[in-house]
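Visitor: Data: my_file.pdb, PDB, C-alpha atoms.
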```pdb
ATOM      1  CA  MET A  12       0.000   0.000   0.000
ATOM      2  CA  LYS A  13       1.423   3.379  -1.043
ATOM      3  CA  ARG A  14       2.001   5.989   1.627
ATOM      4  CA  HIS A  15       0.780   9.521   0.819
ATOM      5  CA  GLY A  16       2.009  12.827   2.342
ATOM      6  CA  PHE A  17       4.806  13.481   4.838
ATOM      7  CA  THR A  18       5.319  12.156   8.305
ATOM      8  CA  LEU A  19       5.546  14.549  11.236
ATOM      9  CA  VAL A  20       9.279  13.884  11.517
ATOM     10  CA  GLU A  21       9.815  14.729   7.842
ATOM     11  CA  MET A  22       7.845  17.957   8.140
ATOM     12  CA  LEU A  23       9.761  19.010  11.225
ATOM     13  CA  THR A  24      13.043  18.225   9.448
ATOM     14  CA  VAL A  25      12.074  20.386   6.463
ATOM     15  CA  LEU A  26      10.988  23.249   8.770
ATOM     16  CA  ALA A  27      14.271  22.989  10.666
ATOM     17  CA  ILE A  28      16.255  23.209   7.399
ATOM     18  CA  ILE A  29      14.209  26.219   6.243
ATOM     19  CA  THR A  30      14.732  27.935   9.609
ATOM     20  CA  ILE A  31      18.486  27.388   9.401
ATOM     21  CA  LEU A  32      18.614  28.752   5.838
ATOM     22  CA  VAL A  33      16.597  31.825   6.794
ATOM     23  CA  GLY A  34      18.862  32.343   9.789
ATOM     24  CA  LEU A  35      21.849  32.310   7.479
ATOM     25  CA  LEU A  36      20.298  34.527   4.810
ATOM     26  CA  VAL A  37      18.789  37.299   6.949
ATOM     27  CA  PRO A  38      22.116  38.581   8.390
ATOM     28  CA  SER A  39      23.613  38.452   4.883
ATOM     29  CA  MET A  40      20.729  40.449   3.430
ATOM     30  CA  THR A  41      20.973  42.946   6.302
ATOM     31  CA  MET A  42      24.677  43.386   5.603
ATOM     32  CA  VAL A  43      24.040  43.834   1.879
ATOM     33  CA  ARG A  44      21.406  46.503   2.568
ATOM     34  CA  ARG A  45      23.724  48.310   4.965
ATOM     35  CA  VAL A  46      26.625  48.283   2.496
ATOM     36  CA  ALA A  47      24.283  49.578  -0.222
ATOM     37  CA  THR A  48      23.017  52.362   2.049
ATOM     38  CA  GLU A  49      26.556  53.341   3.015
ATOM     39  CA  ALA A  50      27.501  53.476  -0.677
ATOM     40  CA  LYS A  51      24.467  55.698  -1.304
ATOM     41  CA  GLN A  52      25.558  57.991   1.538
ATOM     42  CA  LYS A  53      29.099  58.257   0.155
ATOM     43  CA  ALA A  54      27.656  59.088  -3.253
ATOM     44  CA  MET A  55      25.583  61.858  -1.659
ATOM     45  CA  LEU A  56      28.677  63.360  -0.027
ATOM     46  CA  THR A  57      30.415  63.243  -3.406
ATOM     47  CA  SER A  58      27.469  65.133  -4.937
ATOM     48  CA  ILE A  59      27.597  67.729  -2.158
ATOM     49  CA  GLY A  60      31.342  68.070  -2.733
ATOM     50  CA  ALA A  61      30.832  68.721  -6.442
ATOM     51  CA  ALA A  62      28.117  71.287  -5.649
ATOM     52  CA  LEU A  63      30.386  73.033  -3.128
ATOM     53  CA  ALA A  64      33.144  73.194  -5.749
ATOM     54  CA  THR A  65      30.694  74.930  -8.097
ATOM     55  CA  PHE A  66      29.627  77.296  -5.304
ATOM     56  CA  ARG A  67      33.258  78.203  -4.665
ATOM     57  CA  ASN A  68      33.816  78.797  -8.361
ATOM     58  CA  ASP A  69      30.808  81.169  -8.387
ATOM     59  CA  TYR A  70      31.586  83.100  -5.196
ATOM     60  CA  GLY A  71      35.292  82.625  -4.518
ATOM     61  CA  ASP A  72      34.985  80.600  -1.322
ATOM     62  CA  TYR A  73      33.047  77.841   0.365
ATOM     63  CA  PRO A  74      29.999  78.763   2.478
ATOM     64  CA  PRO A  75      30.737  79.759   6.082
ATOM     65  CA  SER A  76      29.926  77.293   8.841
ATOM     66  CA  ASP A  77      30.203  79.439  11.963
ATOM     67  CA  ASP A  78      27.304  79.277  14.387
ATOM     68  CA  ARG A  79      26.437  82.934  14.850
ATOM     69  CA  ALA A  80      25.902  84.204  18.377
ATOM     70  CA  ASP A  81      22.490  85.456  17.298
ATOM     71  CA  ARG A  82      19.582  83.517  18.682
ATOM     72  CA  PRO A  83      18.121  81.291  17.450
ATOM     73  CA  SER A  84      21.203  79.334  16.441
ATOM     74  CA  TYR A  85      22.129  78.980  12.759
ATOM     75  CA  GLY A  86      25.277  76.949  12.170
ATOM     76  CA  GLY A  87      27.180  74.783   9.726
ATOM     77  CA  ALA A  88      24.502  72.284   8.671
ATOM     78  CA  GLN A  89      21.899  75.008   8.099
ATOM     79  CA  LYS A  90      24.325  77.250   6.201
ATOM     80  CA  LEU A  91      25.263  74.340   3.960
ATOM     81  CA  ALA A  92      21.568  73.900   3.114
ATOM     82  CA  GLU A  93      21.232  77.639   2.452
ATOM     83  CA  ALA A  94      24.190  77.615   0.074
ATOM     84  CA  MET A  95      22.872  74.607  -1.816
ATOM     85  CA  PHE A  96      19.153  75.554  -1.913
ATOM     86  CA  GLY A  97      18.582  79.007  -0.401
ATOM     87  CA  GLN A  98      16.783  79.603   2.886
ATOM     88  CA  ASP A  99      13.399  78.997   1.258
ATOM     89  CA  LEU A 100      14.575  76.322  -1.233
ATOM     90  CA  HIS A 101      14.119  78.717  -4.194
ATOM     91  CA  GLY A 102      17.857  79.174  -4.716
ATOM     92  CA  PHE A 103      20.801  80.916  -3.063
ATOM     93  CA  HIS A 104      20.828  84.712  -2.859
ATOM     94  CA  PRO A 105      24.356  86.181  -3.199
ATOM     95  CA  GLN A 106      23.579  89.147  -0.906
ATOM     96  CA  THR A 107      22.728  86.970   2.088
ATOM     97  CA  ASP A 108      24.011  87.917   5.530
ATOM     98  CA  TRP A 109      23.979  84.222   6.537
ATOM     99  CA  LEU A 110      21.517  84.915   9.338
ATOM    100  CA  PRO A 111      18.316  82.901   9.846
ATOM    101  CA  GLY A 112      15.221  84.438   8.323
ATOM    102  CA  SER A 113      17.335  86.836   6.255
ATOM    103  CA  GLY A 114      15.268  89.653   4.747
ATOM    104  CA  ILE A 115      17.117  89.286   1.439
ATOM    105  CA  TYR A 116      15.092  86.126   0.802
ATOM    106  CA  GLY A 117      11.818  88.013   1.013
ATOM    107  CA  PHE A 118      11.039  87.156   4.645
ATOM    108  CA  PRO A 119       8.711  87.759   6.377
ATOM    109  CA  ARG A 120       6.626  88.169   3.223
ATOM    110  CA  PRO A 121       4.914  84.926   2.180
ATOM    111  CA  ARG A 122       6.804  84.732  -1.127
ATOM    112  CA  PRO A 123       9.786  86.502  -2.733
ATOM    113  CA  SER A 124       9.333  88.959  -5.582
ATOM    114  CA  GLU A 125      10.197  88.117  -9.183
ATOM    115  CA  ALA A 126      13.139  90.524  -9.021
ATOM    116  CA  ASN A 127      14.387  88.750  -5.890
ATOM    117  CA  LEU A 128      14.218  85.367  -7.618
ATOM    118  CA  ARG A 129      16.071  86.682 -10.679
ATOM    119  CA  GLU A 130      19.014  87.695  -8.486
ATOM    120  CA  ARG A 131      19.459  84.156  -7.212
ATOM    121  CA  LYS A 132      21.332  81.096  -8.371
ATOM    122  CA  SER A 133      19.370  77.952  -9.107
ATOM    123  CA  PRO A 134      19.772  75.253  -6.417
ATOM    124  CA  TYR A 135      23.144  73.521  -6.606
ATOM    125  CA  LEU A 136      21.610  70.149  -5.735
ATOM    126  CA  ASN A 137      18.448  68.409  -6.891
ATOM    127  CA  LEU A 138      15.663  68.234  -4.316
ATOM    128  CA  SER A 139      14.453  64.995  -5.892
ATOM    129  CA  THR A 140      17.702  63.222  -4.986
ATOM    130  CA  VAL A 141      18.687  64.955  -1.731
ATOM    131  CA  GLN A 142      16.362  65.103   1.280
ATOM    132  CA  VAL A 143      16.094  68.554   2.847
ATOM    133  CA  VAL A 144      14.339  68.787   6.212
ATOM    134  CA  ARG A 145      13.032  71.736   8.208
ATOM    135  CA  VAL A 146      14.451  71.998  11.740
ATOM    136  CA  ASN A 147      10.986  72.434  13.272
ATOM    137  CA  ASP A 148       9.737  69.220  11.630
ATOM    138  CA  TYR A 149      12.753  67.102  12.535
ATOM    139  CA  PHE A 150      12.724  68.106  16.198
ATOM    140  CA  SER A 151       8.925  68.069  16.589
ATOM    141  CA  ARG A 152       9.091  65.293  19.205
ATOM    142  CA  LEU A 153      11.435  67.407  21.324
ATOM    143  CA  ILE A 154       9.069  70.349  21.036
ATOM    144  CA  GLN A 155       6.104  68.163  22.024
ATOM    145  CA  CYS A 156       8.095  67.057  25.063
ATOM    146  CA  GLY A 157       8.562  70.691  26.115
ATOM    147  CA  THR A 158      12.190  70.917  25.011
ATOM    148  CA  ASN A 159      12.724  73.666  22.454
ATOM    149  CA  PRO A 160      16.232  73.461  20.973
ATOM    150  CA  PRO A 161      17.956  76.844  20.414
ATOM    151  CA  LEU A 162      17.758  76.421  16.637
ATOM    152  CA  HIS A 163      15.950  78.505  14.059
ATOM    153  CA  PRO A 164      12.726  76.506  13.501
ATOM    154  CA  ALA A 165      12.263  77.484   9.832
ATOM    155  CA  ALA A 166      15.852  76.688   8.802
ATOM    156  CA  TYR A 167      16.622  73.626   6.707
ATOM    157  CA  PHE A 168      19.374  71.031   6.765
ATOM    158  CA  ILE A 169      20.406  68.252   4.380
ATOM    159  CA  ALA A 170      19.496  64.850   5.856
ATOM    160  CA  ASP A 171      21.586  61.713   5.514
ATOM    161  CA  VAL A 172      20.168  58.587   3.846
ATOM    162  CA  PHE A 173      19.725  56.648   7.103
ATOM    163  CA  GLY A 174      16.065  57.554   7.695
ATOM    164  CA  ARG A 175      15.657  56.946  11.426
ATOM    165  CA  GLU A 176      13.196  59.683  12.423
ATOM    166  CA  LYS A 177       9.532  59.409  11.453
ATOM    167  CA  LEU A 178       8.066  62.857  10.768
ATOM    168  CA  THR A 179       4.574  64.154  10.147
ATOM    169  CA  LEU A 180       4.868  67.275   7.998
ATOM    170  CA  SER A 181       2.516  70.268   8.135
ATOM    171  CA  SER A 182       0.924  68.930   4.945
ATOM    172  CA  GLY A 183      -0.031  65.759   6.825
ATOM    173  CA  GLN A 184       2.463  63.659   4.870
ATOM    174  CA  THR A 185       4.486  61.131   6.873
ATOM    175  CA  VAL A 186       8.132  60.653   5.915
ATOM    176  CA  LYS A 187      11.304  59.179   7.369
ATOM    177  CA  ALA A 188      14.234  61.567   7.683
ATOM    178  CA  GLY A 189      17.912  61.055   8.299
ATOM    179  CA  ALA A 190      20.088  62.990  10.743
ATOM    180  CA  PRO A 191      21.639  66.324   9.686
ATOM    181  CA  VAL A 192      24.736  66.318   7.494
ATOM    182  CA  LEU A 193      27.256  68.371   9.471
ATOM    183  CA  TYR A 194      29.462  70.890   7.682
ATOM    184  CA  TYR A 195      32.658  72.550   8.971
ATOM    185  CA  ARG A 196      34.551  75.001   6.775
ATOM    186  CA  ALA A 197      38.303  75.221   7.297
ATOM    187  CA  ASN A 198      39.722  78.535   8.435
ATOM    188  CA  GLN A 199      42.396  78.729   5.739
ATOM    189  CA  SER A 200      44.058  81.738   7.360
ATOM    190  CA  SER A 201      44.841  79.721  10.498
ATOM    191  CA  ARG A 202      47.698  77.331  11.165
ATOM    192  CA  LEU A 203      46.516  76.378  14.642
ATOM    193  CA  TYR A 204      45.260  72.968  15.731
ATOM    194  CA  CYS A 205      44.051  72.415  19.274
ATOM    195  CA  ASP A 206      46.524  70.564  21.507
ATOM    196  CA  GLY A 207      44.191  70.518  24.503
ATOM    197  CA  SER A 208      45.138  73.958  25.818
ATOM    198  CA  GLU A 209      43.331  76.327  23.424
ATOM    199  CA  THR A 210      39.835  77.521  24.263
ATOM    200  CA  ASP A 211      39.475  80.135  21.510
ATOM    201  CA  TYR A 212      38.103  77.617  18.999
ATOM    202  CA  GLN A 213      37.316  80.309  16.418
ATOM    203  CA  SER A 214      41.044  80.851  15.881
ATOM    204  CA  LEU A 215      41.630  77.199  14.989
ATOM    205  CA  ILE A 216      41.510  75.560  11.563
ATOM    206  CA  TYR A 217      38.196  73.889  12.487
ATOM    207  CA  ASN A 218      35.759  75.196  15.082
ATOM    208  CA  VAL A 219      34.096  72.510  17.207
ATOM    209  CA  THR A 220      31.173  74.847  17.968
ATOM    210  CA  ASP A 221      30.024  75.227  14.339
ATOM    211  CA  ASN A 222      27.305  72.560  14.745
ATOM    212  CA  LEU A 223      27.233  72.231  18.520
ATOM    213  CA  ASN A 224      23.607  73.226  19.175
ATOM    214  CA  LEU A 225      22.360  70.998  16.362
ATOM    215  CA  ILE A 226      24.350  68.015  17.665
ATOM    216  CA  ALA A 227      23.050  68.627  21.196
ATOM    217  CA  ALA A 228      19.444  68.699  19.971
ATOM    218  CA  THR A 229      19.981  65.529  17.907
ATOM    219  CA  GLU A 230      21.447  63.839  20.982
ATOM    220  CA  GLN A 231      18.346  64.723  23.002
ATOM    221  CA  LEU A 232      16.080  63.475  20.231
ATOM    222  CA  HIS A 233      17.978  60.189  20.047
ATOM    223  CA  ASN A 234      17.497  59.652  23.787
ATOM    224  CA  ILE A 235      13.742  60.230  23.977
ATOM    225  CA  ILE A 236      11.915  57.094  25.127
ATOM    226  CA  THR A 237       8.505  56.844  23.480
ATOM    227  CA  ARG A 238       6.903  54.124  25.594
ATOM    228  CA  PRO A 239       4.288  55.389  28.115
ATOM    229  CA  PRO A 240       4.443  58.068  29.391
ATOM    230  CA  PRO A 241       4.528  59.585  25.873
ATOM    231  CA  CYS A 242       8.002  61.045  26.189
ATOM    232  CA  HIS A 243      10.735  61.071  28.769
ATOM    233  CA  PHE A 244      14.502  60.801  28.852
ATOM    234  CA  PRO A 245      16.379  57.779  30.200
ATOM    235  CA  ALA A 246      18.284  57.701  33.466
ATOM    236  CA  PRO A 247      21.750  59.293  33.345
ATOM    237  CA  SER A 248      23.365  55.867  33.377
ATOM    238  CA  GLU A 249      21.436  54.915  30.209
ATOM    239  CA  TYR A 250      21.804  58.231  28.391
ATOM    240  CA  VAL A 251      23.762  58.040  25.103
ATOM    241  CA  ASN A 252      26.207  60.932  24.784
ATOM    242  CA  PHE A 253      27.421  62.042  21.358
ATOM    243  CA  ALA A 254      31.213  62.194  21.542
ATOM    244  CA  LEU A 255      31.399  64.799  18.762
ATOM    245  CA  ARG A 256      30.076  67.429  21.186
ATOM    246  CA  HIS A 257      33.303  67.328  23.201
ATOM    247  CA  PRO A 258      36.456  69.242  22.186
ATOM    248  CA  ASP A 259      38.764  66.509  23.510
ATOM    249  CA  PHE A 260      37.149  64.015  21.142
ATOM    250  CA  PHE A 261      37.024  66.474  18.226
ATOM    251  CA  TYR A 262      40.649  67.652  18.510
ATOM    252  CA  GLY A 263      42.267  65.053  20.735
ATOM    253  CA  SER A 264      43.945  65.833  24.049
ATOM    254  CA  PRO A 265      47.469  64.406  24.263
ATOM    255  CA  PRO A 266      48.524  62.183  25.870
ATOM    256  CA  THR A 267      45.127  60.872  27.064
ATOM    257  CA  ILE A 268      43.497  61.113  23.607
ATOM    258  CA  PRO A 269      46.461  61.380  21.222
ATOM    259  CA  PHE A 270      44.383  61.447  18.039
ATOM    260  CA  GLY A 271      41.309  63.623  17.653
ATOM    261  CA  TYR A 272      38.346  62.667  15.496
ATOM    262  CA  ILE A 273      39.285  65.165  12.762
ATOM    263  CA  GLN A 274      43.048  64.578  12.984
ATOM    264  CA  ASP A 275      45.022  63.055  10.110
ATOM    265  CA  PRO A 276      47.056  60.248  11.741
ATOM    266  CA  ARG A 277      49.458  60.143   8.777
ATOM    267  CA  VAL A 278      50.976  63.445   9.924
ATOM    268  CA  LEU A 279      53.458  63.268  12.816
ATOM    269  CA  ASN A 280      52.397  66.474  14.547
ATOM    270  CA  PRO A 281      48.672  67.011  15.318
ATOM    271  CA  TRP A 282      47.025  68.250  12.141
ATOM    272  CA  PRO A 283      43.459  67.963  10.822
ATOM    273  CA  TRP A 284      42.192  66.552   7.548
ATOM    274  CA  ARG A 285      41.413  68.809   4.570
ATOM    275  CA  VAL A 286      42.852  72.069   5.938
ATOM    276  CA  ASP A 287      42.188  73.779   2.604
ATOM    277  CA  SER A 288      38.476  73.061   2.363
ATOM    278  CA  TYR A 289      35.795  71.564   4.636
ATOM    279  CA  LEU A 290      34.577  68.503   6.526
ATOM    280  CA  LEU A 291      31.257  66.700   5.988
ATOM    281  CA  ILE A 292      30.078  64.295   8.710
ATOM    282  CA  THR A 293      27.038  62.022   8.862
ATOM    283  CA  ALA A 294      25.905  60.018  11.889
ATOM    284  CA  GLY A 295      25.673  56.666  10.106
ATOM    285  CA  ALA A 296      23.202  53.866  10.741
ATOM    286  CA  ASP A 297      23.167  54.300  14.531
ATOM    287  CA  GLY A 298      22.275  57.999  14.323
ATOM    288  CA  ILE A 299      25.063  58.899  16.779
ATOM    289  CA  TYR A 300      27.795  61.364  15.857
ATOM    290  CA  GLY A 301      31.310  60.276  16.750
ATOM    291  CA  THR A 302      31.072  56.494  16.327
ATOM    292  CA  GLU A 303      32.829  54.117  13.941
ATOM    293  CA  ASP A 304      29.945  53.960  11.467
ATOM    294  CA  ASP A 305      30.010  57.703  10.761
ATOM    295  CA  ILE A 306      30.399  58.409   7.049
ATOM    296  CA  LYS A 307      32.605  61.400   6.271
ATOM    297  CA  ASN A 308      34.446  63.036   3.399
ATOM    298  CA  PHE A 309      37.783  62.480   5.164
ATOM    299  CA  GLY A 310      39.767  59.672   6.727
ATOM    300  CA  PHE A 311      38.763  56.954   4.272
TER     301      PHE A 311
END
```
Will you turn the file into structure tokens for me?
Guide:
Amino acid sequence: MKRHGFTLVEMLTVLAIITILVGLLVPSMTMVRRVATEAKQKAMLTSIGAALATFRNDYGDYPPSDDRADRPSYGGAQKLAEAMFGQDLHGFHPQTDWLPGSGIYGFPRPRPSEANLRERKSPYLNLSTVQVVRVNDYFSRLIQCGTNPPLHPAAYFIADVFGREKLTLSSGQTVKAGAPVLYYRANQSSRLYCDGSETDYQSLIYNVTDNLNLIAATEQLHNIITRPPPCHFPAPSEYVNFALRHPDFFYGSPPTIPFGYIQDPRVLNPWPWRVDSYLLITAGADGIYGTEDDIKNFGF
């Protein structure tokens, strides 16, 4: 008599084999996706680099990155977005004062005049390929939790490709946004690199404070716990600190931290990367600035 179907042992054996295969494939697929995303992020930084080269050719220098003392804060990441797209995404205006809500862009009027638009350059990057996010939208969860970061709410920044933050825009559309792409312009008139004793960071080749308020706000956002109650921060022992906020990590502090994050280890004496141009830094897949998965335009 012929036997039809599978026995229980055979079915369990097949399920066990399938489970093992899936267990082997899933990590591989995850790694492939991560490598692909990292390649996409590097390609974005290359595109930004080409756009910055064009900007320099047009105006004689790269955009500034200093975080002006004016409040609300407007630093490197936001000024990079202004240079690439303009403060209202209609193009860069050459007479800007690099302050948030600059009147040269037609603010506070609802739209710029035709004459104003004719004075501008077209955006240096394509909005269809680069995600640009408004500060107020990205940090909406902080605002809902009663923490208002000292950043200009209407300013924009360029987001990385690791979309970790779920946003609901004013239009009602829901999107995922990456962390800000940080931008630091080199002070080409300086030949100073911090050895742990300097405190006048503006006189150095790179200024650690250029994106400090934005990094601090991103750190707070990263640490919000969304389980009930709706929002609260973890205990100090569980809080994740972003190393890039600290000068000792940024510059190094010999002999305790001999090599800073931005230091070129190929050079015997402390010296940063790309002293003739700028640094671009993204937080990587973990969303934390200052970790090994950061993707940058230096130190490859």
Visitor: Could you state the separation of CA of Pro266 in chain A and CA of Leu290 in chain A in Å, given to one decimal place?
Guide: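 Straight-line distance from CA of Pro266 in chain A to CA of Leu290 in chain A works out to 24.7 Å.
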Visitor: May I ask for the distance between CA of Arg45 in chain A and CA of Leu32 in chain A, given in Å to one decimal place?
Guide: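 Pair CA of Arg45 in chain A / CA of Leu32 in chain A returns 20.2 Å.
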Visitor: Distance cut-off 12 Å, centre (47.3, 62.3, 13.4) in file coordinates, counting all atoms listed in the file: which residues qualify? Return them as a compact mmCIF listing (two decimals) with C-alpha atoms, in the coordinates of the input.
Guide:
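Result written to point-v3.txt:
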```txt
# COMPACT_ATOMS: atom_id res chain seq x y z
CA TYR A 204 45.26 72.97 15.73
CA ASP A 206 46.52 70.56 21.51
CA TYR A 262 40.65 67.65 18.51
CA GLY A 263 42.27 65.05 20.74
CA SER A 264 43.94 65.83 24.05
CA PRO A 265 47.47 64.41 24.26
CA ILE A 268 43.50 61.11 23.61
CA PRO A 269 46.46 61.38 21.22
CA PHE A 270 44.38 61.45 18.04
CA GLY A 271 41.31 63.62 17.65
CA TYR A 272 38.35 62.67 15.50
CA ILE A 273 39.28 65.17 12.76
CA GLN A 274 43.05 64.58 12.98
CA ASP A 275 45.02 63.06 10.11
CA PRO A 276 47.06 60.25 11.74
CA ARG A 277 49.46 60.14 8.78
CA VAL A 278 50.98 63.44 9.92
CA LEU A 279 53.46 63.27 12.82
CA ASN A 280 52.40 66.47 14.55
CA PRO A 281 48.67 67.01 15.32
CA TRP A 282 47.02 68.25 12.14
CA PRO A 283 43.46 67.96 10.82
CA TRP A 284 42.19 66.55 7.55
CA GLY A 310 39.77 59.67 6.73
```
Visitor: Could you list the residues chosen by the PyMOL selection byres ((chain A and resi 167) around 9) in this structure as a list in words?
Guide: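 Against this file, the PyMOL selection byres ((chain A and resi 167) around 9) returns the residues Ala88, Gln89, Lys90, Ala92, Glu93, Gln98, Asp99, Leu100, Val143, Val144, Arg145, Val146, Asn147, His163, Pro164, Ala165, Ala166, Phe168 and Ile169 of chain A.
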Visitor: Mind pulling up the distance from CA of Tyr300 in chain A to CA of His257 in chain A?
Guide: 10.9 Å
Visitor: I'd like the neighbourhood of Tyr289 in chain A as a list in words, where a residue qualifies if any of its atoms comes within 6 Å (using all atoms listed in the file), though same-chain residues fewer than 6 positions away should be ignored.
Guide: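 Using all atoms listed in the file, the neighbours found are Tyr195, Arg196 and Ala197 of chain A.
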Visitor: I would like the residues chosen by the PyMOL selection byres ((chain A and resi 229-231) around 9) on the shown file; could you give them as a list in words?
Guide: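 When the PyMOL selection byres ((chain A and resi 229-231) around 9) is applied to the shown file, the picked residues are Phe150, Leu153, Thr158, Ala190, Pro191, Asn224, Leu225, Ile226, Ala227, Ala228, Leu232, His233, Asn234, Ile235, Phe244, Val251, Asn252, Phe253, Gly298, Ile299 and Tyr300 of chain A.
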Visitor: Leaving out Gly60 in chain A and any residue of its chain fewer than 4 positions from it, which residues lie within 9 Å of it when counting all atoms listed in the file, given as number ranges by chain?
Guide: A: 55-56, 64-65, 291, 308
Visitor: For Ala294 in chain A, which of A:Gln52, A:Phe118, A:Thr57, A:Tyr85 is the closest residue, counting only C-alpha atoms?
Guide: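 Comparing A:Gln52, A:Phe118, A:Thr57, A:Tyr85 against Ala294 in chain A, the winner is A:Gln52.
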Visitor: Written as a PyMOL selection string, which residues does the PyMOL selection byres ((chain A and resi 137) around 12) give for the file shown?
Guide: chain A and resi 55+58-59+62+92+95-96+100-102+133-136+138-143+169
